[in-house]
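Structure file start_28.txt with compact mmCIF, N, CA and C atoms:
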# COMPACT_ATOMS: atom_id res chain seq x y z
N MET A 487 -5.68 -23.84 28.18
CA MET A 487 -5.68 -23.09 29.42
C MET A 487 -4.30 -22.49 29.66
N LYS A 488 -4.28 -21.25 30.08
CA LYS A 488 -3.03 -20.54 30.33
C LYS A 488 -2.35 -21.08 31.59
N LYS A 489 -1.04 -21.29 31.49
CA LYS A 489 -0.27 -21.74 32.64
C LYS A 489 -0.04 -20.56 33.57
N LEU A 490 -0.09 -20.84 34.86
CA LEU A 490 0.12 -19.80 35.86
C LEU A 490 1.57 -19.78 36.32
N THR A 491 2.09 -18.58 36.45
CA THR A 491 3.44 -18.40 36.97
C THR A 491 3.32 -17.75 38.34
N GLY A 492 4.07 -18.29 39.28
CA GLY A 492 4.12 -17.73 40.62
C GLY A 492 5.58 -17.59 41.02
N HIS A 493 5.80 -17.09 42.21
CA HIS A 493 7.18 -16.99 42.67
C HIS A 493 7.28 -17.21 44.16
N ILE A 494 8.39 -17.81 44.53
CA ILE A 494 8.79 -17.99 45.93
C ILE A 494 9.70 -16.82 46.26
N ASP A 495 9.46 -16.16 47.37
CA ASP A 495 10.31 -15.05 47.80
C ASP A 495 11.01 -15.39 49.11
N ILE A 496 12.29 -15.18 49.12
CA ILE A 496 13.08 -15.24 50.35
C ILE A 496 13.40 -13.79 50.67
N ASN A 497 12.98 -13.33 51.82
CA ASN A 497 13.09 -11.91 52.16
C ASN A 497 14.09 -11.65 53.27
N ASN A 498 15.20 -11.02 52.91
CA ASN A 498 16.20 -10.57 53.89
C ASN A 498 16.70 -11.69 54.80
N LEU A 499 17.18 -12.75 54.17
CA LEU A 499 17.83 -13.82 54.92
C LEU A 499 19.16 -13.28 55.46
N HIS A 500 19.32 -13.26 56.77
CA HIS A 500 20.52 -12.71 57.40
C HIS A 500 21.58 -13.80 57.53
N VAL A 501 22.76 -13.48 57.01
CA VAL A 501 23.87 -14.43 56.98
C VAL A 501 25.16 -13.70 57.34
N TYR A 502 26.00 -14.34 58.13
CA TYR A 502 27.33 -13.79 58.40
C TYR A 502 28.29 -14.46 57.43
N ALA A 503 29.05 -13.67 56.69
CA ALA A 503 29.92 -14.23 55.65
C ALA A 503 31.19 -13.40 55.53
N HIS A 504 32.09 -13.87 54.67
CA HIS A 504 33.42 -13.26 54.54
C HIS A 504 33.66 -12.80 53.11
N HIS A 505 32.87 -11.85 52.63
CA HIS A 505 33.02 -11.31 51.29
C HIS A 505 33.54 -9.89 51.37
N GLY A 506 34.39 -9.53 50.43
CA GLY A 506 34.86 -8.15 50.36
C GLY A 506 36.16 -8.04 49.61
N VAL A 507 36.40 -6.87 49.07
CA VAL A 507 37.63 -6.61 48.31
C VAL A 507 38.82 -6.53 49.25
N MET A 508 38.62 -5.93 50.41
CA MET A 508 39.73 -5.79 51.37
C MET A 508 39.98 -7.12 52.08
N ALA A 509 41.23 -7.47 52.23
CA ALA A 509 41.60 -8.74 52.86
C ALA A 509 41.00 -8.88 54.26
N GLN A 510 40.96 -7.79 54.99
CA GLN A 510 40.42 -7.81 56.35
C GLN A 510 38.95 -8.24 56.37
N GLU A 511 38.19 -7.85 55.34
CA GLU A 511 36.78 -8.24 55.27
C GLU A 511 36.63 -9.76 55.16
N ARG A 512 37.56 -10.38 54.45
CA ARG A 512 37.48 -11.84 54.28
C ARG A 512 37.96 -12.57 55.53
N VAL A 513 38.67 -11.85 56.40
CA VAL A 513 39.11 -12.45 57.67
C VAL A 513 38.04 -12.23 58.74
N VAL A 514 37.64 -11.00 58.93
CA VAL A 514 36.71 -10.64 60.00
C VAL A 514 35.26 -11.00 59.65
N GLY A 515 34.88 -10.78 58.41
CA GLY A 515 33.50 -11.05 57.99
C GLY A 515 32.58 -9.88 58.23
N ASN A 516 31.32 -10.05 57.84
CA ASN A 516 30.34 -8.98 57.95
C ASN A 516 28.96 -9.61 57.89
N ASP A 517 27.97 -8.83 58.27
CA ASP A 517 26.58 -9.26 58.14
C ASP A 517 26.09 -8.96 56.73
N PHE A 518 25.36 -9.92 56.16
CA PHE A 518 24.78 -9.79 54.84
C PHE A 518 23.31 -10.12 54.90
N SER A 519 22.59 -9.64 53.92
CA SER A 519 21.18 -9.96 53.76
C SER A 519 20.98 -10.42 52.31
N VAL A 520 20.29 -11.53 52.14
CA VAL A 520 20.02 -12.05 50.80
C VAL A 520 18.52 -12.16 50.60
N SER A 521 18.06 -11.62 49.47
CA SER A 521 16.65 -11.75 49.08
C SER A 521 16.61 -12.36 47.69
N ALA A 522 15.61 -13.20 47.45
CA ALA A 522 15.47 -13.84 46.14
C ALA A 522 14.00 -13.97 45.79
N SER A 523 13.69 -13.73 44.52
CA SER A 523 12.37 -14.02 43.96
C SER A 523 12.60 -15.00 42.83
N LEU A 524 11.98 -16.18 42.94
CA LEU A 524 12.21 -17.24 41.97
C LEU A 524 10.89 -17.62 41.32
N TYR A 525 10.77 -17.35 40.02
CA TYR A 525 9.52 -17.56 39.28
C TYR A 525 9.51 -18.94 38.63
N PHE A 526 8.34 -19.57 38.64
CA PHE A 526 8.20 -20.90 38.05
C PHE A 526 6.73 -21.16 37.74
N ASN A 527 6.49 -22.17 36.90
CA ASN A 527 5.13 -22.59 36.61
C ASN A 527 4.59 -23.26 37.86
N CYS A 528 3.50 -22.72 38.39
CA CYS A 528 2.99 -23.21 39.68
C CYS A 528 1.67 -23.97 39.54
N ASP A 529 1.30 -24.37 38.32
CA ASP A 529 0.05 -25.10 38.12
C ASP A 529 -0.02 -26.38 38.97
N ALA A 530 1.00 -27.22 38.87
CA ALA A 530 0.97 -28.51 39.58
C ALA A 530 0.90 -28.34 41.10
N PRO A 531 1.75 -27.55 41.72
CA PRO A 531 1.64 -27.43 43.18
C PRO A 531 0.31 -26.84 43.64
N MET A 532 -0.25 -25.92 42.87
CA MET A 532 -1.52 -25.33 43.27
C MET A 532 -2.66 -26.34 43.11
N GLN A 533 -2.59 -27.16 42.08
CA GLN A 533 -3.66 -28.11 41.83
C GLN A 533 -3.60 -29.32 42.76
N TYR A 534 -2.38 -29.85 42.98
CA TYR A 534 -2.25 -31.11 43.71
C TYR A 534 -1.82 -30.95 45.16
N ASP A 535 -1.48 -29.73 45.60
CA ASP A 535 -1.10 -29.48 46.98
C ASP A 535 0.03 -30.40 47.44
N HIS A 536 1.05 -30.49 46.59
CA HIS A 536 2.19 -31.35 46.89
C HIS A 536 3.47 -30.61 46.51
N ILE A 537 4.54 -30.85 47.26
CA ILE A 537 5.80 -30.15 47.05
C ILE A 537 6.43 -30.50 45.70
N ALA A 538 6.11 -31.65 45.15
CA ALA A 538 6.64 -32.03 43.84
C ALA A 538 6.20 -30.99 42.81
N GLY A 539 7.15 -30.49 42.05
CA GLY A 539 6.87 -29.47 41.06
C GLY A 539 6.98 -28.05 41.60
N SER A 540 7.05 -27.93 42.91
CA SER A 540 7.21 -26.61 43.51
C SER A 540 8.67 -26.38 43.82
N ILE A 541 8.95 -25.29 44.49
CA ILE A 541 10.31 -24.98 44.92
C ILE A 541 10.28 -24.94 46.44
N ASN A 542 11.02 -25.83 47.05
CA ASN A 542 11.06 -25.94 48.50
C ASN A 542 11.92 -24.80 49.06
N TYR A 543 11.28 -23.86 49.75
CA TYR A 543 12.03 -22.69 50.24
C TYR A 543 13.08 -23.07 51.27
N ALA A 544 12.88 -24.15 52.00
CA ALA A 544 13.91 -24.60 52.95
C ALA A 544 15.17 -25.01 52.20
N ASP A 545 15.00 -25.68 51.06
CA ASP A 545 16.15 -26.06 50.23
C ASP A 545 16.82 -24.82 49.64
N VAL A 546 16.03 -23.83 49.23
CA VAL A 546 16.58 -22.58 48.70
C VAL A 546 17.45 -21.91 49.78
N ILE A 547 16.96 -21.86 50.99
CA ILE A 547 17.70 -21.25 52.09
C ILE A 547 19.00 -22.01 52.35
N ASP A 548 18.95 -23.33 52.32
CA ASP A 548 20.17 -24.13 52.50
C ASP A 548 21.21 -23.82 51.43
N ILE A 549 20.76 -23.72 50.18
CA ILE A 549 21.68 -23.41 49.08
C ILE A 549 22.28 -22.03 49.26
N ILE A 550 21.46 -21.06 49.62
CA ILE A 550 21.97 -19.70 49.83
C ILE A 550 23.01 -19.70 50.95
N CYS A 551 22.72 -20.35 52.06
CA CYS A 551 23.68 -20.38 53.17
C CYS A 551 24.98 -21.08 52.78
N ARG A 552 24.88 -22.16 52.04
CA ARG A 552 26.08 -22.90 51.60
C ARG A 552 26.93 -22.02 50.67
N GLU A 553 26.30 -21.33 49.73
CA GLU A 553 27.04 -20.49 48.80
C GLU A 553 27.60 -19.25 49.49
N MET A 554 26.88 -18.69 50.44
CA MET A 554 27.37 -17.51 51.17
C MET A 554 28.58 -17.86 52.03
N ASP A 555 28.76 -19.13 52.34
CA ASP A 555 29.88 -19.57 53.17
C ASP A 555 31.21 -19.59 52.40
N LYS A 556 31.16 -19.41 51.08
CA LYS A 556 32.36 -19.41 50.23
C LYS A 556 32.78 -17.96 49.98
N PRO A 557 33.95 -17.53 50.52
CA PRO A 557 34.36 -16.13 50.37
C PRO A 557 34.51 -15.70 48.91
N ALA A 558 34.21 -14.43 48.66
CA ALA A 558 34.37 -13.82 47.34
C ALA A 558 34.73 -12.35 47.54
N ASN A 559 35.33 -11.77 46.53
CA ASN A 559 35.66 -10.35 46.58
C ASN A 559 34.43 -9.48 46.39
N LEU A 560 33.62 -9.82 45.38
CA LEU A 560 32.55 -8.93 44.95
C LEU A 560 31.16 -9.50 45.18
N LEU A 561 30.23 -8.62 45.51
CA LEU A 561 28.82 -9.02 45.63
C LEU A 561 28.31 -9.58 44.31
N GLU A 562 28.81 -9.06 43.19
CA GLU A 562 28.41 -9.55 41.88
C GLU A 562 28.72 -11.03 41.73
N ARG A 563 29.90 -11.43 42.19
CA ARG A 563 30.31 -12.84 42.11
C ARG A 563 29.43 -13.71 43.00
N VAL A 564 29.12 -13.22 44.19
CA VAL A 564 28.26 -13.96 45.11
C VAL A 564 26.88 -14.17 44.48
N ALA A 565 26.30 -13.12 43.92
CA ALA A 565 24.98 -13.23 43.29
C ALA A 565 25.01 -14.21 42.11
N ALA A 566 26.08 -14.17 41.33
CA ALA A 566 26.21 -15.09 40.19
C ALA A 566 26.28 -16.54 40.66
N ARG A 567 27.02 -16.79 41.73
CA ARG A 567 27.10 -18.16 42.27
C ARG A 567 25.75 -18.62 42.81
N LEU A 568 25.02 -17.72 43.47
CA LEU A 568 23.69 -18.07 43.96
C LEU A 568 22.76 -18.41 42.80
N HIS A 569 22.79 -17.60 41.76
CA HIS A 569 21.98 -17.86 40.57
C HIS A 569 22.29 -19.23 39.98
N LYS A 570 23.56 -19.50 39.79
CA LYS A 570 23.98 -20.78 39.20
C LYS A 570 23.53 -21.97 40.06
N ALA A 571 23.74 -21.88 41.36
CA ALA A 571 23.38 -22.99 42.25
C ALA A 571 21.87 -23.20 42.31
N LEU A 572 21.11 -22.12 42.39
CA LEU A 572 19.65 -22.25 42.50
C LEU A 572 19.02 -22.76 41.21
N THR A 573 19.47 -22.27 40.07
CA THR A 573 18.87 -22.73 38.81
C THR A 573 19.33 -24.15 38.46
N ALA A 574 20.49 -24.57 38.95
CA ALA A 574 20.92 -25.95 38.76
C ALA A 574 20.06 -26.91 39.59
N GLN A 575 19.77 -26.51 40.82
CA GLN A 575 18.96 -27.35 41.71
C GLN A 575 17.48 -27.35 41.31
N PHE A 576 17.01 -26.23 40.80
CA PHE A 576 15.59 -26.08 40.45
C PHE A 576 15.46 -25.63 38.99
N PRO A 577 15.55 -26.58 38.05
CA PRO A 577 15.49 -26.20 36.63
C PRO A 577 14.14 -25.60 36.22
N GLN A 578 13.13 -25.74 37.07
CA GLN A 578 11.82 -25.16 36.75
C GLN A 578 11.78 -23.64 36.94
N ILE A 579 12.84 -23.07 37.52
CA ILE A 579 12.90 -21.61 37.66
C ILE A 579 13.03 -21.00 36.26
N THR A 580 12.10 -20.12 35.92
CA THR A 580 12.10 -19.50 34.60
C THR A 580 12.69 -18.09 34.60
N SER A 581 12.63 -17.42 35.73
CA SER A 581 13.19 -16.08 35.86
C SER A 581 13.25 -15.73 37.34
N GLY A 582 13.86 -14.59 37.62
CA GLY A 582 13.91 -14.20 39.02
C GLY A 582 14.88 -13.07 39.27
N SER A 583 15.13 -12.86 40.54
CA SER A 583 16.11 -11.86 40.97
C SER A 583 16.71 -12.30 42.29
N ILE A 584 17.95 -11.89 42.49
CA ILE A 584 18.66 -12.15 43.74
C ILE A 584 19.36 -10.86 44.13
N THR A 585 19.18 -10.44 45.38
CA THR A 585 19.87 -9.27 45.91
C THR A 585 20.74 -9.70 47.08
N VAL A 586 22.01 -9.31 47.02
CA VAL A 586 22.95 -9.56 48.10
C VAL A 586 23.33 -8.20 48.66
N ALA A 587 23.06 -7.99 49.93
CA ALA A 587 23.36 -6.71 50.58
C ALA A 587 24.39 -6.90 51.69
N LYS A 588 25.36 -6.01 51.72
CA LYS A 588 26.35 -5.99 52.81
C LYS A 588 25.87 -4.95 53.81
N ILE A 589 25.62 -5.41 55.03
CA ILE A 589 25.17 -4.53 56.10
C ILE A 589 26.40 -3.85 56.69
N ALA A 590 26.34 -2.56 56.86
CA ALA A 590 27.44 -1.79 57.46
C ALA A 590 28.79 -2.06 56.80
N PRO A 591 28.93 -1.72 55.51
CA PRO A 591 30.22 -1.91 54.85
C PRO A 591 31.28 -1.03 55.50
N PRO A 592 32.56 -1.42 55.38
CA PRO A 592 33.63 -0.68 56.06
C PRO A 592 34.02 0.60 55.32
N ILE A 593 33.10 1.53 55.28
CA ILE A 593 33.37 2.84 54.70
C ILE A 593 32.91 3.90 55.70
N PRO A 594 33.56 5.06 55.72
CA PRO A 594 33.30 6.04 56.78
C PRO A 594 32.06 6.93 56.55
N VAL A 595 30.94 6.31 56.26
CA VAL A 595 29.67 7.03 56.15
C VAL A 595 28.60 6.17 56.82
N GLN A 596 27.51 6.80 57.18
CA GLN A 596 26.42 6.06 57.79
C GLN A 596 25.40 5.69 56.71
N LEU A 597 25.15 4.40 56.55
CA LEU A 597 24.13 3.91 55.63
C LEU A 597 23.67 2.54 56.09
N ASP A 598 22.52 2.12 55.60
CA ASP A 598 21.96 0.83 56.01
C ASP A 598 22.72 -0.34 55.40
N SER A 599 23.01 -0.24 54.10
CA SER A 599 23.68 -1.34 53.41
C SER A 599 24.06 -0.89 52.01
N VAL A 600 24.87 -1.71 51.36
CA VAL A 600 25.11 -1.61 49.93
C VAL A 600 24.70 -2.95 49.35
N SER A 601 24.22 -2.95 48.11
CA SER A 601 23.72 -4.21 47.56
C SER A 601 23.95 -4.30 46.06
N PHE A 602 23.87 -5.53 45.58
CA PHE A 602 23.89 -5.82 44.15
C PHE A 602 22.74 -6.76 43.86
N THR A 603 22.02 -6.49 42.75
CA THR A 603 20.90 -7.32 42.35
C THR A 603 21.14 -7.85 40.95
N ILE A 604 20.92 -9.15 40.78
CA ILE A 604 20.97 -9.78 39.47
C ILE A 604 19.54 -10.18 39.11
N GLU A 605 19.17 -9.95 37.86
CA GLU A 605 17.84 -10.32 37.36
C GLU A 605 18.00 -11.12 36.09
N TRP A 606 17.11 -12.08 35.87
CA TRP A 606 17.13 -12.85 34.63
C TRP A 606 15.73 -13.23 34.23
Transcribe the structure of this file into structure tokens.
Amino acid sequence: MKKLTGHIDINNLHVYAHHGVMAQERVVGNDFSVSASLYFNCDAPMQYDHIAGSINYADVIDIICREMDKPANLLERVAARLHKALTAQFPQITSGSITVAKIAPPIPVQLDSVSFTIEW
């Protein structure tokens, strides 16, 4: 029987953090949005209706918030840290994506956000 793959999605988790190349950004901070899709074998949770073998999205959110609390210069570095922390906590993750978006970056144009996405 073929194993089923599913994914947990965290959609636009809003976090205030202190990331940015400019020193002022790391002092003042900014609003960020984090989205993640985490793929894993979901046979056991679907069959047994138990959190064991699944990915607890509350734990995923806690990890994201904890990692976002550590200042970094680049969104790329933030995404890499999120990837490392999530796959360490949940080795059943087989693939996924993480997007870190900075809302209203300090540049003199009007836009919704800038973002970086890592996929594996």
- Where in chain A does DSSP assign strand (DSSP E or B), given as a ChimeraX atom specification? /A:491-503,516-527,579-589,599-605
- Distance in Å - atom N of A:Asn527 versus atom C of A:Glu562: 25.3 Å
- Task: Please give the complete set of residues from chain A that DSSP, run on the backbone, assigns to alpha helix (DSSP H), formatted as a PyMOL selection string.
- Result: chain A and resi 509-514+529-534+543-554+561-575
- Who sits within 6.5 Å of stretch 566-569 of chain A, all atoms listed in the file, same chain under 5 positions skipped, as a ChimeraX atom specification: /A:550,553,561,574
Closest pair table for stretch 534-567 of chain A residues within 6 Å of stretch 501-508 of chain A, all atoms listed in the file, as CSV:
residue,atom,partner,partner_atom,distance
A:Met554,C,A:Ala503,CA,5.3
A:Asp555,CA,A:Ala503,CA,5.9
A:Pro557,CA,A:His504,C,4.4
A:Ala558,C,A:Gly506,N,4.1
A:Asn559,CA,A:Gly506,C,3.8
A:Leu560,N,A:Gly506,N,5.1
- Message: Ranking A:Trp606, A:Ile549, A:Phe526, A:Ala538 by minimum distance to A:Leu572 and counting all atoms listed in the file, which one comes first?
- Response: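 Smallest separation from A:Leu572 among the options: A:Ile549.
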Contacts of A:Ile589 at 6.5 Å or less, counting only N, CA and C atoms, minus same-chain residues fewer than 6 places along, as a short mmCIF file (atom, residue, chain, number, x, y, z; two decimals) with N, CA and C atoms, in the frame of the given file?
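What ended up in part_0.cif:
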data_model
loop_
_atom_site.label_atom_id
_atom_site.label_comp_id
_atom_site.auth_asym_id
_atom_site.auth_seq_id
_atom_site.Cartn_x
_atom_site.Cartn_y
_atom_site.Cartn_z
N ASN A 516 31.32 -10.05 57.84
CA ASN A 516 30.34 -8.98 57.95
C ASN A 516 28.96 -9.61 57.89
N ASP A 517 27.97 -8.83 58.27
CA ASP A 517 26.58 -9.26 58.14
C ASP A 517 26.09 -8.96 56.73
N PHE A 518 25.36 -9.92 56.16
CA PHE A 518 24.78 -9.79 54.84
C PHE A 518 23.31 -10.12 54.90
N SER A 519 22.59 -9.64 53.92
CA SER A 519 21.18 -9.96 53.76
C SER A 519 20.98 -10.42 52.31
N ASP A 598 22.52 2.12 55.60
CA ASP A 598 21.96 0.83 56.01
C ASP A 598 22.72 -0.34 55.40
N SER A 599 23.01 -0.24 54.10
CA SER A 599 23.68 -1.34 53.41
C SER A 599 24.06 -0.89 52.01
N VAL A 600 24.87 -1.71 51.36
CA VAL A 600 25.11 -1.61 49.93
C VAL A 600 24.70 -2.95 49.35
#
- Query: Using only C-alpha atoms, which of the listed residues (A:Ser521, A:Tyr534, A:Asp548, A:Ile593) sits closest to A:Asn497?
  - Reply: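 Nearest candidate to A:Asn497 out of A:Ser521, A:Tyr534, A:Asp548, A:Ile593: A:Ser521.
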- Message: Give me the residues near A:Ser540 as number ranges by chain, where near means some atom within 8 Å (using only C-alpha atoms) and where sequence neighbours in that chain fewer than 5 positions away do not count.
- Response: A: 526, 528, 530-531
- Message: So the first atom is atom CA of A:Ser583 and the second is atom CA of A:Asn542; what is the distance between them in Å, to one decimal place?
- Response: 16.7 Å
- Using all atoms listed in the file, find the one residue out of A:Ile537, A:Thr603, A:Tyr543, A:Asp529 that sits nearest to A:Asp495. A:Tyr543
- Task: Record the distance separating atom N of A:Gly582 and atom CA of A:Ser523, expressed in Å with one decimal.
- Result: 6.5 Å
Please return stretch 497-521 of chain A, rebuilt to N, CA, C and O atoms, as a short mmCIF file (atom, residue, chain, number, x, y, z; two decimals), keeping the file's coordinate frame.
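The result, written out as out.cif:
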data_model
loop_
_atom_site.label_atom_id
_atom_site.label_comp_id
_atom_site.auth_asym_id
_atom_site.auth_seq_id
_atom_site.Cartn_x
_atom_site.Cartn_y
_atom_site.Cartn_z
N ASN A 497 12.98 -13.33 51.82
CA ASN A 497 13.09 -11.91 52.16
C ASN A 497 14.09 -11.65 53.27
O ASN A 497 13.88 -12.05 54.41
N ASN A 498 15.20 -11.02 52.91
CA ASN A 498 16.20 -10.57 53.89
C ASN A 498 16.70 -11.69 54.80
O ASN A 498 16.66 -11.56 56.03
N LEU A 499 17.18 -12.75 54.17
CA LEU A 499 17.83 -13.82 54.92
C LEU A 499 19.16 -13.28 55.46
O LEU A 499 20.02 -12.85 54.70
N HIS A 500 19.32 -13.26 56.77
CA HIS A 500 20.52 -12.71 57.40
C HIS A 500 21.58 -13.80 57.53
O HIS A 500 21.32 -14.87 58.08
N VAL A 501 22.76 -13.48 57.01
CA VAL A 501 23.87 -14.43 56.98
C VAL A 501 25.16 -13.70 57.34
O VAL A 501 25.36 -12.56 56.90
N TYR A 502 26.00 -14.34 58.13
CA TYR A 502 27.33 -13.79 58.40
C TYR A 502 28.29 -14.46 57.43
O TYR A 502 28.31 -15.69 57.32
N ALA A 503 29.05 -13.67 56.69
CA ALA A 503 29.92 -14.23 55.65
C ALA A 503 31.19 -13.40 55.53
O ALA A 503 31.33 -12.36 56.19
N HIS A 504 32.09 -13.87 54.67
CA HIS A 504 33.42 -13.26 54.54
C HIS A 504 33.66 -12.80 53.11
O HIS A 504 34.57 -13.28 52.43
N HIS A 505 32.87 -11.85 52.63
CA HIS A 505 33.02 -11.31 51.29
C HIS A 505 33.54 -9.89 51.37
O HIS A 505 33.14 -9.13 52.25
N GLY A 506 34.39 -9.53 50.43
CA GLY A 506 34.86 -8.15 50.36
C GLY A 506 36.16 -8.04 49.61
O GLY A 506 36.94 -8.99 49.52
N VAL A 507 36.40 -6.87 49.07
CA VAL A 507 37.63 -6.61 48.31
C VAL A 507 38.82 -6.53 49.25
O VAL A 507 39.91 -7.02 48.95
N MET A 508 38.62 -5.93 50.41
CA MET A 508 39.73 -5.79 51.37
C MET A 508 39.98 -7.12 52.08
O MET A 508 39.03 -7.80 52.50
N ALA A 509 41.23 -7.47 52.23
CA ALA A 509 41.60 -8.74 52.86
C ALA A 509 41.00 -8.88 54.26
O ALA A 509 40.56 -9.97 54.65
N GLN A 510 40.96 -7.79 54.99
CA GLN A 510 40.42 -7.81 56.35
C GLN A 510 38.95 -8.24 56.37
O GLN A 510 38.51 -8.92 57.29
N GLU A 511 38.19 -7.85 55.34
CA GLU A 511 36.78 -8.24 55.27
C GLU A 511 36.63 -9.76 55.16
O GLU A 511 35.69 -10.34 55.69
N ARG A 512 37.56 -10.38 54.45
CA ARG A 512 37.48 -11.84 54.28
C ARG A 512 37.96 -12.57 55.53
O ARG A 512 37.67 -13.74 55.70
N VAL A 513 38.67 -11.85 56.40
CA VAL A 513 39.11 -12.45 57.67
C VAL A 513 38.04 -12.23 58.74
O VAL A 513 37.59 -13.18 59.39
N VAL A 514 37.64 -11.00 58.93
CA VAL A 514 36.71 -10.64 60.00
C VAL A 514 35.26 -11.00 59.65
O VAL A 514 34.49 -11.45 60.49
N GLY A 515 34.88 -10.78 58.41
CA GLY A 515 33.50 -11.05 57.99
C GLY A 515 32.58 -9.88 58.23
O GLY A 515 32.99 -8.84 58.76
N ASN A 516 31.32 -10.05 57.84
CA ASN A 516 30.34 -8.98 57.95
C ASN A 516 28.96 -9.61 57.89
O ASN A 516 28.79 -10.76 57.51
N ASP A 517 27.97 -8.83 58.27
CA ASP A 517 26.58 -9.26 58.14
C ASP A 517 26.09 -8.96 56.73
O ASP A 517 26.36 -7.88 56.19
N PHE A 518 25.36 -9.92 56.16
CA PHE A 518 24.78 -9.79 54.84
C PHE A 518 23.31 -10.12 54.90
O PHE A 518 22.85 -10.82 55.81
N SER A 519 22.59 -9.64 53.92
CA SER A 519 21.18 -9.96 53.76
C SER A 519 20.98 -10.42 52.31
O SER A 519 21.47 -9.76 51.39
N VAL A 520 20.29 -11.53 52.14
CA VAL A 520 20.02 -12.05 50.80
C VAL A 520 18.52 -12.16 50.60
O VAL A 520 17.81 -12.69 51.46
N SER A 521 18.06 -11.62 49.47
CA SER A 521 16.65 -11.75 49.08
C SER A 521 16.61 -12.36 47.69
O SER A 521 17.48 -12.07 46.85
#
